[in-house]
Amino acid sequence: MITFSVSLLEKQDIPLQGSEPAALLELEDDLIFNAGAPITYDLVVRKVSDGALVTGHAETILNGACGRCLQPSEVTLSTGELQLFVETDSEEIVDITEDIRAELLINLPANLLCSDDCAGLCPVCGANKNTTNCDCVTEDDDFEAPNSDEPSPWDALDKLKLDK
Ligand SMILES: [Zn+2]
Ligand SMILES: [Zn+2]
């Protein structure tokens, strides 16, 4: 848990540094990302009117399969520079773990890619096009192929014309 003492905050700014288990993000059921490293944080809590201001940042590493080529990949998930207001109410110990978790999750990218220009897999042979140049025909060529040997309706029409 990431916590600070309100009575201590009355006297001084509070630096908070440390790490939390990656499981905190609860990504077990996520189809794209796995938690790859503990969440590290480097924060400072300052007293402001009616509460506390938390600055600094937290980050972790997520891993999973690239959405295009399926190779193992990882991405750093960071809160960026935080400016987080926290109400202190009447409690002595304020727990900001959930706030930090939420700040990380709103920065979760939509996709995991090994690189922005990943070429993906060949749809025909499955080769990784980042590392292999295959000679497969394109999807458009394939689309015509299955019907090419069947007679077209125009063939029958032509035949009728010839029979006259
Ligand atoms: Zn990739
Ligand atoms: Zn191919």
# chains A, B, ... in the order shown; residues from 1 in each chain; ligands from 1
$ residues_around --residues "region 55-61 of chain A" --least-positions-apart "3" --cutoff "6 Å" --atoms "only C-alpha atoms" --output "PyMOL selection string"
chain A and resi 36-37+39-44+75-83
$ select_by_dssp --residues "region 1-113 of chain A" --states "helix (DSSP H, G or I)" --output "number ranges by chain"
A: 6-11, 22-25, 97-105
$ write_last_selection --atoms "N, CA, C and O atoms" --output "compact mmCIF listing (two decimals), in the first residue's frame"
# COMPACT_ATOMS: atom_id res chain seq x y z
N VAL A 6 -1.19 11.94 7.99
CA VAL A 6 -1.67 13.32 7.94
C VAL A 6 -0.97 14.19 9.00
O VAL A 6 -0.64 15.35 8.75
N SER A 7 -0.70 13.62 10.16
CA SER A 7 -0.05 14.43 11.20
C SER A 7 1.39 14.77 10.81
O SER A 7 1.89 15.85 11.09
N LEU A 8 2.05 13.85 10.11
CA LEU A 8 3.40 14.15 9.62
C LEU A 8 3.35 15.21 8.53
O LEU A 8 4.20 16.11 8.46
N LEU A 9 2.29 15.12 7.69
CA LEU A 9 2.14 16.08 6.59
C LEU A 9 1.96 17.51 7.11
O LEU A 9 2.32 18.48 6.45
N GLU A 10 1.39 17.64 8.34
CA GLU A 10 1.23 18.96 8.95
C GLU A 10 2.59 19.61 9.19
O GLU A 10 2.72 20.83 9.20
N LYS A 11 3.60 18.77 9.38
CA LYS A 11 4.93 19.29 9.73
C LYS A 11 5.86 19.41 8.54
O LYS A 11 6.75 20.25 8.52
N ALA A 22 3.22 -6.14 -8.99
CA ALA A 22 2.57 -5.94 -10.28
C ALA A 22 1.11 -6.37 -10.26
O ALA A 22 0.28 -5.84 -10.98
N ALA A 23 0.78 -7.33 -9.38
CA ALA A 23 -0.59 -7.86 -9.30
C ALA A 23 -1.60 -6.78 -8.94
O ALA A 23 -2.80 -6.94 -9.17
N LEU A 24 -1.11 -5.69 -8.38
CA LEU A 24 -1.99 -4.57 -8.01
C LEU A 24 -2.84 -4.11 -9.19
O LEU A 24 -3.98 -3.67 -9.02
N LEU A 25 -2.29 -4.19 -10.41
CA LEU A 25 -3.01 -3.69 -11.58
C LEU A 25 -4.18 -4.60 -11.98
O LEU A 25 -5.03 -4.21 -12.75
N THR A 97 -2.98 4.21 -2.81
CA THR A 97 -2.67 3.10 -3.72
C THR A 97 -3.65 3.06 -4.89
O THR A 97 -3.25 2.93 -6.05
N GLU A 98 -4.94 3.20 -4.59
CA GLU A 98 -5.96 3.11 -5.63
C GLU A 98 -5.86 4.29 -6.61
O GLU A 98 -6.10 4.13 -7.80
N ASP A 99 -5.48 5.46 -6.10
CA ASP A 99 -5.31 6.63 -6.97
C ASP A 99 -4.18 6.39 -7.97
O ASP A 99 -4.29 6.70 -9.16
N ILE A 100 -3.07 5.83 -7.47
CA ILE A 100 -1.92 5.58 -8.34
C ILE A 100 -2.26 4.49 -9.36
O ILE A 100 -1.94 4.59 -10.54
N ARG A 101 -2.97 3.45 -8.90
CA ARG A 101 -3.41 2.39 -9.81
C ARG A 101 -4.26 2.97 -10.94
O ARG A 101 -4.06 2.66 -12.12
N ALA A 102 -5.20 3.85 -10.59
CA ALA A 102 -6.09 4.44 -11.59
C ALA A 102 -5.30 5.30 -12.57
O ALA A 102 -5.57 5.28 -13.78
N GLU A 103 -4.31 6.04 -12.06
CA GLU A 103 -3.49 6.89 -12.93
C GLU A 103 -2.69 6.06 -13.93
O GLU A 103 -2.45 6.48 -15.06
N LEU A 104 -2.26 4.88 -13.51
CA LEU A 104 -1.55 3.98 -14.43
C LEU A 104 -2.51 3.43 -15.48
O LEU A 104 -2.21 3.43 -16.67
N LEU A 105 -3.67 2.98 -15.04
CA LEU A 105 -4.59 2.30 -15.96
C LEU A 105 -5.16 3.24 -17.02
O LEU A 105 -5.46 2.80 -18.13
$ residues_around --residues "Gly67 (chain A)" --least-positions-apart "4" --cutoff "9 Å" --atoms "only C-alpha atoms" --output "MDAnalysis selection string"
chainID A and resid 32 71 111:114 120
$ closest_residue --among "A:Ser115, A:Thr132, A:Thr3, A:Asn107" --to "Val45 (chain A)" --atoms "only C-alpha atoms"
A:Thr3
$ residues_near_ligand --ligand "ligand 1" --cutoff "12 Å" --atoms "only C-alpha atoms and all ligand atoms" --output "CSV table (one decimal) with N, CA and C atoms, in the first residue's frame"
chain,number,residue,atom,x,y,z
A,64,GLY,N,3.5,-8.9,-23.3
A,64,GLY,CA,2.5,-9.7,-24.0
A,64,GLY,C,2.9,-9.9,-25.4
A,65,ALA,N,2.0,-10.4,-26.3
A,65,ALA,CA,2.4,-10.6,-27.6
A,65,ALA,C,2.0,-9.4,-28.5
A,66,CYS,N,2.9,-9.1,-29.4
A,66,CYS,CA,2.7,-8.0,-30.4
A,66,CYS,C,1.4,-8.3,-31.1
A,67,GLY,N,0.5,-7.2,-31.2
A,67,GLY,CA,-0.8,-7.4,-31.8
A,67,GLY,C,-0.7,-7.7,-33.3
A,68,ARG,N,0.4,-7.5,-34.0
A,68,ARG,CA,0.5,-7.8,-35.4
A,68,ARG,C,1.4,-9.0,-35.7
A,69,CYS,N,2.5,-9.2,-35.0
A,69,CYS,CA,3.4,-10.3,-35.4
A,69,CYS,C,3.5,-11.4,-34.3
A,70,LEU,N,2.8,-11.1,-33.1
A,70,LEU,CA,2.7,-12.1,-32.1
A,70,LEU,C,4.0,-12.4,-31.3
A,71,GLN,N,5.1,-11.7,-31.6
A,71,GLN,CA,6.3,-11.9,-30.9
A,71,GLN,C,6.2,-11.3,-29.5
A,72,PRO,N,6.9,-11.9,-28.5
A,72,PRO,CA,6.9,-11.3,-27.2
A,72,PRO,C,7.4,-9.9,-27.2
A,73,SER,N,6.7,-9.0,-26.5
A,73,SER,CA,7.0,-7.5,-26.6
A,73,SER,C,6.7,-7.0,-25.2
A,74,GLU,N,7.2,-5.8,-25.0
A,74,GLU,CA,6.9,-5.1,-23.7
A,74,GLU,C,6.8,-3.6,-23.9
A,111,ASN,N,-3.2,-1.0,-27.8
A,111,ASN,CA,-2.6,-2.2,-28.4
A,111,ASN,C,-1.2,-2.3,-27.9
A,112,LEU,N,-0.7,-3.5,-28.0
A,112,LEU,CA,0.8,-3.7,-27.7
A,112,LEU,C,1.4,-4.1,-29.1
A,113,LEU,N,2.4,-3.3,-29.5
A,113,LEU,CA,3.1,-3.5,-30.7
A,113,LEU,C,4.6,-3.6,-30.4
A,114,CYS,N,5.3,-4.5,-31.1
A,114,CYS,CA,6.8,-4.6,-30.9
A,114,CYS,C,7.5,-3.3,-31.4
A,115,SER,N,6.9,-2.7,-32.4
A,115,SER,CA,7.3,-1.4,-32.8
A,115,SER,C,6.2,-0.8,-33.6
A,116,ASP,N,6.2,0.6,-33.7
A,116,ASP,CA,5.1,1.2,-34.4
A,116,ASP,C,5.0,0.8,-35.9
A,117,ASP,N,6.1,0.4,-36.5
A,117,ASP,CA,6.0,0.0,-37.9
A,117,ASP,C,6.2,-1.5,-38.1
A,118,CYS,N,5.7,-2.2,-37.1
A,118,CYS,CA,5.7,-3.7,-37.2
A,118,CYS,C,5.0,-4.1,-38.5
A,119,ALA,N,5.6,-5.0,-39.3
A,119,ALA,CA,5.0,-5.4,-40.6
A,119,ALA,C,4.0,-6.5,-40.4
A,120,GLY,N,4.0,-7.2,-39.3
A,120,GLY,CA,3.0,-8.2,-39.0
A,120,GLY,C,3.3,-9.6,-39.7
A,121,LEU,N,2.3,-10.4,-39.7
A,121,LEU,CA,2.5,-11.8,-40.2
A,121,LEU,C,1.9,-11.9,-41.6
A,122,CYS,N,2.5,-12.7,-42.5
A,122,CYS,CA,1.9,-13.0,-43.8
A,122,CYS,C,0.6,-13.7,-43.6
A,127,ALA,N,4.5,-16.3,-42.1
A,127,ALA,CA,5.9,-15.8,-41.9
A,127,ALA,C,5.9,-14.4,-41.2
A,128,ASN,N,6.8,-14.2,-40.3
A,128,ASN,CA,7.0,-12.9,-39.7
A,128,ASN,C,7.6,-12.0,-40.7
A,129,LYS,N,6.9,-11.0,-41.2
A,129,LYS,CA,7.4,-10.2,-42.3
A,129,LYS,C,8.4,-9.2,-41.9
A,130,ASN,N,8.6,-9.0,-40.6
A,130,ASN,CA,9.7,-8.2,-40.1
A,130,ASN,C,11.1,-8.9,-40.4
A,131,THR,N,11.1,-10.2,-40.4
A,131,THR,CA,12.4,-10.9,-40.5
A,131,THR,C,12.4,-11.8,-41.8
$ residues_near_ligand --ligand "ligand 2" --cutoff "6 Å" --atoms "only C-alpha atoms and all ligand atoms" --output "PDB file with all heavy atoms, in the first residue's frame"
ATOM      1  N   CYS A 122       2.527 -12.697 -42.496  1.00  0.00           N
ATOM      2  CA  CYS A 122       1.940 -12.953 -43.810  1.00  0.00           C
ATOM      3  C   CYS A 122       0.630 -13.710 -43.608  1.00  0.00           C
ATOM      4  O   CYS A 122       0.602 -14.728 -42.915  1.00  0.00           O
ATOM      5  CB  CYS A 122       2.899 -13.779 -44.657  1.00  0.00           C
ATOM      6  SG  CYS A 122       2.126 -14.381 -46.186  1.00  0.00           S
ATOM      7  N   VAL A 124      -0.935 -15.552 -45.575  1.00  0.00           N
ATOM      8  CA  VAL A 124      -0.960 -16.819 -46.310  1.00  0.00           C
ATOM      9  C   VAL A 124      -0.092 -17.880 -45.629  1.00  0.00           C
ATOM     10  O   VAL A 124      -0.573 -18.953 -45.283  1.00  0.00           O
ATOM     11  CB  VAL A 124      -0.506 -16.609 -47.772  1.00  0.00           C
ATOM     12  CG1 VAL A 124      -0.516 -17.942 -48.518  1.00  0.00           C
ATOM     13  CG2 VAL A 124      -1.391 -15.591 -48.460  1.00  0.00           C
ATOM     14  N   CYS A 125       1.186 -17.574 -45.414  1.00  0.00           N
ATOM     15  CA  CYS A 125       2.099 -18.594 -44.884  1.00  0.00           C
ATOM     16  C   CYS A 125       2.427 -18.386 -43.416  1.00  0.00           C
ATOM     17  O   CYS A 125       3.028 -19.246 -42.790  1.00  0.00           O
ATOM     18  CB  CYS A 125       3.388 -18.639 -45.707  1.00  0.00           C
ATOM     19  SG  CYS A 125       4.489 -17.246 -45.418  1.00  0.00           S
ATOM     20  N   GLY A 126       2.051 -17.243 -42.855  1.00  0.00           N
ATOM     21  CA  GLY A 126       2.303 -17.009 -41.436  1.00  0.00           C
ATOM     22  C   GLY A 126       3.702 -16.534 -41.109  1.00  0.00           C
ATOM     23  O   GLY A 126       4.045 -16.388 -39.948  1.00  0.00           O
ATOM     24  N   ALA A 127       4.525 -16.275 -42.123  1.00  0.00           N
ATOM     25  CA  ALA A 127       5.886 -15.808 -41.867  1.00  0.00           C
ATOM     26  C   ALA A 127       5.859 -14.434 -41.208  1.00  0.00           C
ATOM     27  O   ALA A 127       4.981 -13.626 -41.487  1.00  0.00           O
ATOM     28  CB  ALA A 127       6.663 -15.739 -43.176  1.00  0.00           C
ATOM     29  N   CYS A 134       8.604 -13.538 -47.785  1.00  0.00           N
ATOM     30  CA  CYS A 134       8.031 -14.686 -48.481  1.00  0.00           C
ATOM     31  C   CYS A 134       7.520 -14.234 -49.847  1.00  0.00           C
ATOM     32  O   CYS A 134       7.393 -13.044 -50.110  1.00  0.00           O
ATOM     33  CB  CYS A 134       6.911 -15.301 -47.658  1.00  0.00           C
ATOM     34  SG  CYS A 134       5.540 -14.185 -47.338  1.00  0.00           S
ATOM     35  N   ASP A 135       7.205 -15.183 -50.724  1.00  0.00           N
ATOM     36  CA  ASP A 135       6.759 -14.845 -52.087  1.00  0.00           C
ATOM     37  C   ASP A 135       5.267 -15.101 -52.257  1.00  0.00           C
ATOM     38  O   ASP A 135       4.793 -15.369 -53.355  1.00  0.00           O
ATOM     39  CB  ASP A 135       7.536 -15.683 -53.118  1.00  0.00           C
ATOM     40  CG  ASP A 135       9.011 -15.339 -53.091  1.00  0.00           C
ATOM     41  OD1 ASP A 135       9.325 -14.144 -52.919  1.00  0.00           O
ATOM     42  OD2 ASP A 135       9.840 -16.259 -53.212  1.00  0.00           O
ATOM     43  N   CYS A 136       4.535 -15.078 -51.168  1.00  0.00           N
ATOM     44  CA  CYS A 136       3.104 -15.370 -51.257  1.00  0.00           C
ATOM     45  C   CYS A 136       2.374 -14.305 -52.067  1.00  0.00           C
ATOM     46  O   CYS A 136       2.764 -13.142 -52.085  1.00  0.00           O
ATOM     47  CB  CYS A 136       2.499 -15.418 -49.855  1.00  0.00           C
ATOM     48  SG  CYS A 136       3.164 -16.750 -48.858  1.00  0.00           S
TER      49      CYS A 136
END
$ residues_around --residues "Glu91 (chain A)" --least-positions-apart "3" --cutoff "9 Å" --atoms "only C-alpha atoms" --output "MDAnalysis selection string"
chainID A and resid 5:6 88 94
$ atom_distance --atom1 "CA of Phe4 (chain A)" --atom2 "CA of Pro38 (chain A)"
20.1 Å
$ select_by_dssp --residues "chain A" --states "strand (DSSP E)" --output "PyMOL selection string"
chain A and resi 3-5+14-20+34-35+39-48+51-65+72-78+82-87+93-95
$ write_last_selection --atoms "N, CA and C atoms" --output "compact mmCIF listing (two decimals), in the first residue's frame"
# COMPACT_ATOMS: atom_id res chain seq x y z
N THR A 3 0.89 4.84 1.36
CA THR A 3 0.15 5.63 2.36
C THR A 3 1.02 6.75 2.91
N PHE A 4 0.36 7.75 3.50
CA PHE A 4 1.10 8.77 4.24
C PHE A 4 0.31 9.18 5.48
N SER A 5 1.03 9.76 6.43
CA SER A 5 0.44 10.17 7.70
C SER A 5 0.06 11.65 7.65
N ILE A 14 6.21 15.01 2.42
CA ILE A 14 6.53 13.59 2.63
C ILE A 14 6.98 12.94 1.32
N PRO A 15 8.24 12.54 1.23
CA PRO A 15 8.66 11.77 0.06
C PRO A 15 8.21 10.32 0.19
N LEU A 16 7.71 9.77 -0.90
CA LEU A 16 7.28 8.36 -0.91
C LEU A 16 7.98 7.67 -2.07
N GLN A 17 8.83 6.72 -1.75
CA GLN A 17 9.50 5.96 -2.79
C GLN A 17 9.39 4.49 -2.46
N GLY A 18 9.25 3.66 -3.50
CA GLY A 18 9.18 2.23 -3.24
C GLY A 18 8.58 1.49 -4.40
N SER A 19 8.09 0.30 -4.12
CA SER A 19 7.47 -0.48 -5.18
C SER A 19 6.29 -1.26 -4.63
N GLU A 20 5.39 -1.58 -5.53
CA GLU A 20 4.20 -2.36 -5.22
C GLU A 20 4.16 -3.56 -6.15
N ASN A 34 0.18 -8.45 -19.86
CA ASN A 34 0.50 -9.09 -18.59
C ASN A 34 1.38 -8.14 -17.80
N ALA A 35 1.21 -8.14 -16.49
CA ALA A 35 2.08 -7.33 -15.65
C ALA A 35 3.46 -7.94 -15.67
N ILE A 39 5.46 -2.30 -9.71
CA ILE A 39 5.19 -0.88 -9.94
C ILE A 39 6.14 -0.08 -9.04
N THR A 40 6.96 0.75 -9.65
CA THR A 40 7.86 1.59 -8.85
C THR A 40 7.29 3.00 -8.80
N TYR A 41 7.48 3.66 -7.67
CA TYR A 41 6.96 5.03 -7.56
C TYR A 41 7.95 5.92 -6.84
N ASP A 42 7.92 7.20 -7.22
CA ASP A 42 8.78 8.23 -6.63
C ASP A 42 7.92 9.48 -6.53
N LEU A 43 7.36 9.71 -5.34
CA LEU A 43 6.33 10.73 -5.16
C LEU A 43 6.70 11.68 -4.03
N VAL A 44 6.09 12.86 -4.05
CA VAL A 44 6.18 13.77 -2.91
C VAL A 44 4.77 14.24 -2.59
N VAL A 45 4.42 14.19 -1.30
CA VAL A 45 3.10 14.66 -0.85
C VAL A 45 3.29 15.99 -0.13
N ARG A 46 2.52 17.00 -0.57
CA ARG A 46 2.58 18.33 0.06
C ARG A 46 1.21 18.70 0.59
N LYS A 47 1.21 19.41 1.69
CA LYS A 47 -0.06 19.87 2.25
C LYS A 47 -0.57 21.06 1.45
N VAL A 48 -1.84 20.99 1.06
CA VAL A 48 -2.52 22.14 0.46
C VAL A 48 -3.83 22.31 1.21
N GLY A 51 -6.54 19.40 1.78
CA GLY A 51 -6.05 18.08 1.39
C GLY A 51 -4.57 18.06 1.15
N ALA A 52 -4.17 17.18 0.20
CA ALA A 52 -2.76 16.99 -0.10
C ALA A 52 -2.58 16.95 -1.61
N LEU A 53 -1.42 17.42 -2.05
CA LEU A 53 -1.08 17.35 -3.46
C LEU A 53 0.05 16.35 -3.64
N VAL A 54 -0.20 15.35 -4.48
CA VAL A 54 0.80 14.32 -4.75
C VAL A 54 1.43 14.61 -6.11
N THR A 55 2.75 14.79 -6.15
CA THR A 55 3.46 14.95 -7.42
C THR A 55 4.49 13.84 -7.55
N GLY A 56 5.08 13.72 -8.74
CA GLY A 56 6.03 12.66 -9.01
C GLY A 56 5.48 11.72 -10.05
N HIS A 57 5.96 10.49 -10.06
CA HIS A 57 5.44 9.55 -11.05
C HIS A 57 5.57 8.11 -10.57
N ALA A 58 4.82 7.24 -11.23
CA ALA A 58 4.90 5.80 -10.99
C ALA A 58 4.94 5.12 -12.33
N GLU A 59 5.61 3.96 -12.39
CA GLU A 59 5.65 3.24 -13.66
C GLU A 59 5.86 1.75 -13.45
N THR A 60 5.57 1.00 -14.49
CA THR A 60 5.80 -0.44 -14.47
C THR A 60 6.04 -0.88 -15.90
N ILE A 61 6.34 -2.16 -16.09
CA ILE A 61 6.53 -2.71 -17.43
C ILE A 61 5.46 -3.77 -17.67
N LEU A 62 4.80 -3.68 -18.81
CA LEU A 62 3.82 -4.69 -19.21
C LEU A 62 4.39 -5.49 -20.36
N ASN A 63 4.04 -6.76 -20.43
CA ASN A 63 4.46 -7.54 -21.58
C ASN A 63 3.30 -8.35 -22.13
N GLY A 64 3.53 -8.90 -23.30
CA GLY A 64 2.50 -9.66 -23.99
C GLY A 64 2.94 -9.91 -25.41
N ALA A 65 2.03 -10.37 -26.25
CA ALA A 65 2.36 -10.64 -27.65
C ALA A 65 2.02 -9.42 -28.49
N PRO A 72 6.91 -11.87 -28.51
CA PRO A 72 6.90 -11.30 -27.16
C PRO A 72 7.40 -9.86 -27.19
N SER A 73 6.67 -8.98 -26.54
CA SER A 73 6.99 -7.55 -26.57
C SER A 73 6.70 -6.96 -25.21
N GLU A 74 7.24 -5.77 -24.96
CA GLU A 74 6.94 -5.11 -23.69
C GLU A 74 6.82 -3.62 -23.90
N VAL A 75 6.12 -2.98 -22.97
CA VAL A 75 5.92 -1.54 -23.04
C VAL A 75 5.97 -0.99 -21.62
N THR A 76 6.56 0.19 -21.47
CA THR A 76 6.57 0.85 -20.17
C THR A 76 5.25 1.58 -19.97
N LEU A 77 4.61 1.32 -18.86
CA LEU A 77 3.36 2.01 -18.51
C LEU A 77 3.68 3.00 -17.41
N SER A 78 3.48 4.29 -17.70
CA SER A 78 3.86 5.34 -16.75
C SER A 78 2.68 6.27 -16.49
N LEU A 82 2.69 13.43 -12.26
CA LEU A 82 1.39 13.52 -11.58
C LEU A 82 1.17 14.87 -10.91
N GLN A 83 -0.06 15.32 -10.91
CA GLN A 83 -0.51 16.45 -10.09
C GLN A 83 -1.84 15.99 -9.51
N LEU A 84 -1.77 15.26 -8.43
CA LEU A 84 -2.95 14.56 -7.94
C LEU A 84 -3.41 15.14 -6.61
N PHE A 85 -4.62 15.67 -6.59
CA PHE A 85 -5.17 16.19 -5.32
C PHE A 85 -5.86 15.06 -4.56
N VAL A 86 -5.56 14.94 -3.28
CA VAL A 86 -6.15 13.90 -2.44
C VAL A 86 -6.79 14.56 -1.23
N GLU A 87 -8.04 14.21 -0.96
CA GLU A 87 -8.69 14.71 0.25
C GLU A 87 -8.14 13.95 1.45
N ILE A 93 -4.15 8.04 8.51
CA ILE A 93 -3.38 7.43 7.43
C ILE A 93 -4.21 7.49 6.14
N VAL A 94 -3.64 8.10 5.12
CA VAL A 94 -4.34 8.19 3.84
C VAL A 94 -3.69 7.22 2.85
N ASP A 95 -4.52 6.37 2.26
CA ASP A 95 -4.04 5.35 1.32
C ASP A 95 -4.27 5.84 -0.11
$ closest_residue --among "A:Asp50, A:Asp13, A:Glu92, A:Asp30" --to "Ala110 (chain A)" --atoms "only C-alpha atoms"
A:Asp30
$ atom_distance --atom1 "CA of Met1 (chain A)" --atom2 "CA of Pro21 (chain A)"
9.5 Å
$ closest_residue --among "A:Asp89, A:Ile96, A:Ile106, A:Glu26" --to "Ser49 (chain A)" --atoms "only C-alpha atoms"
A:Asp89
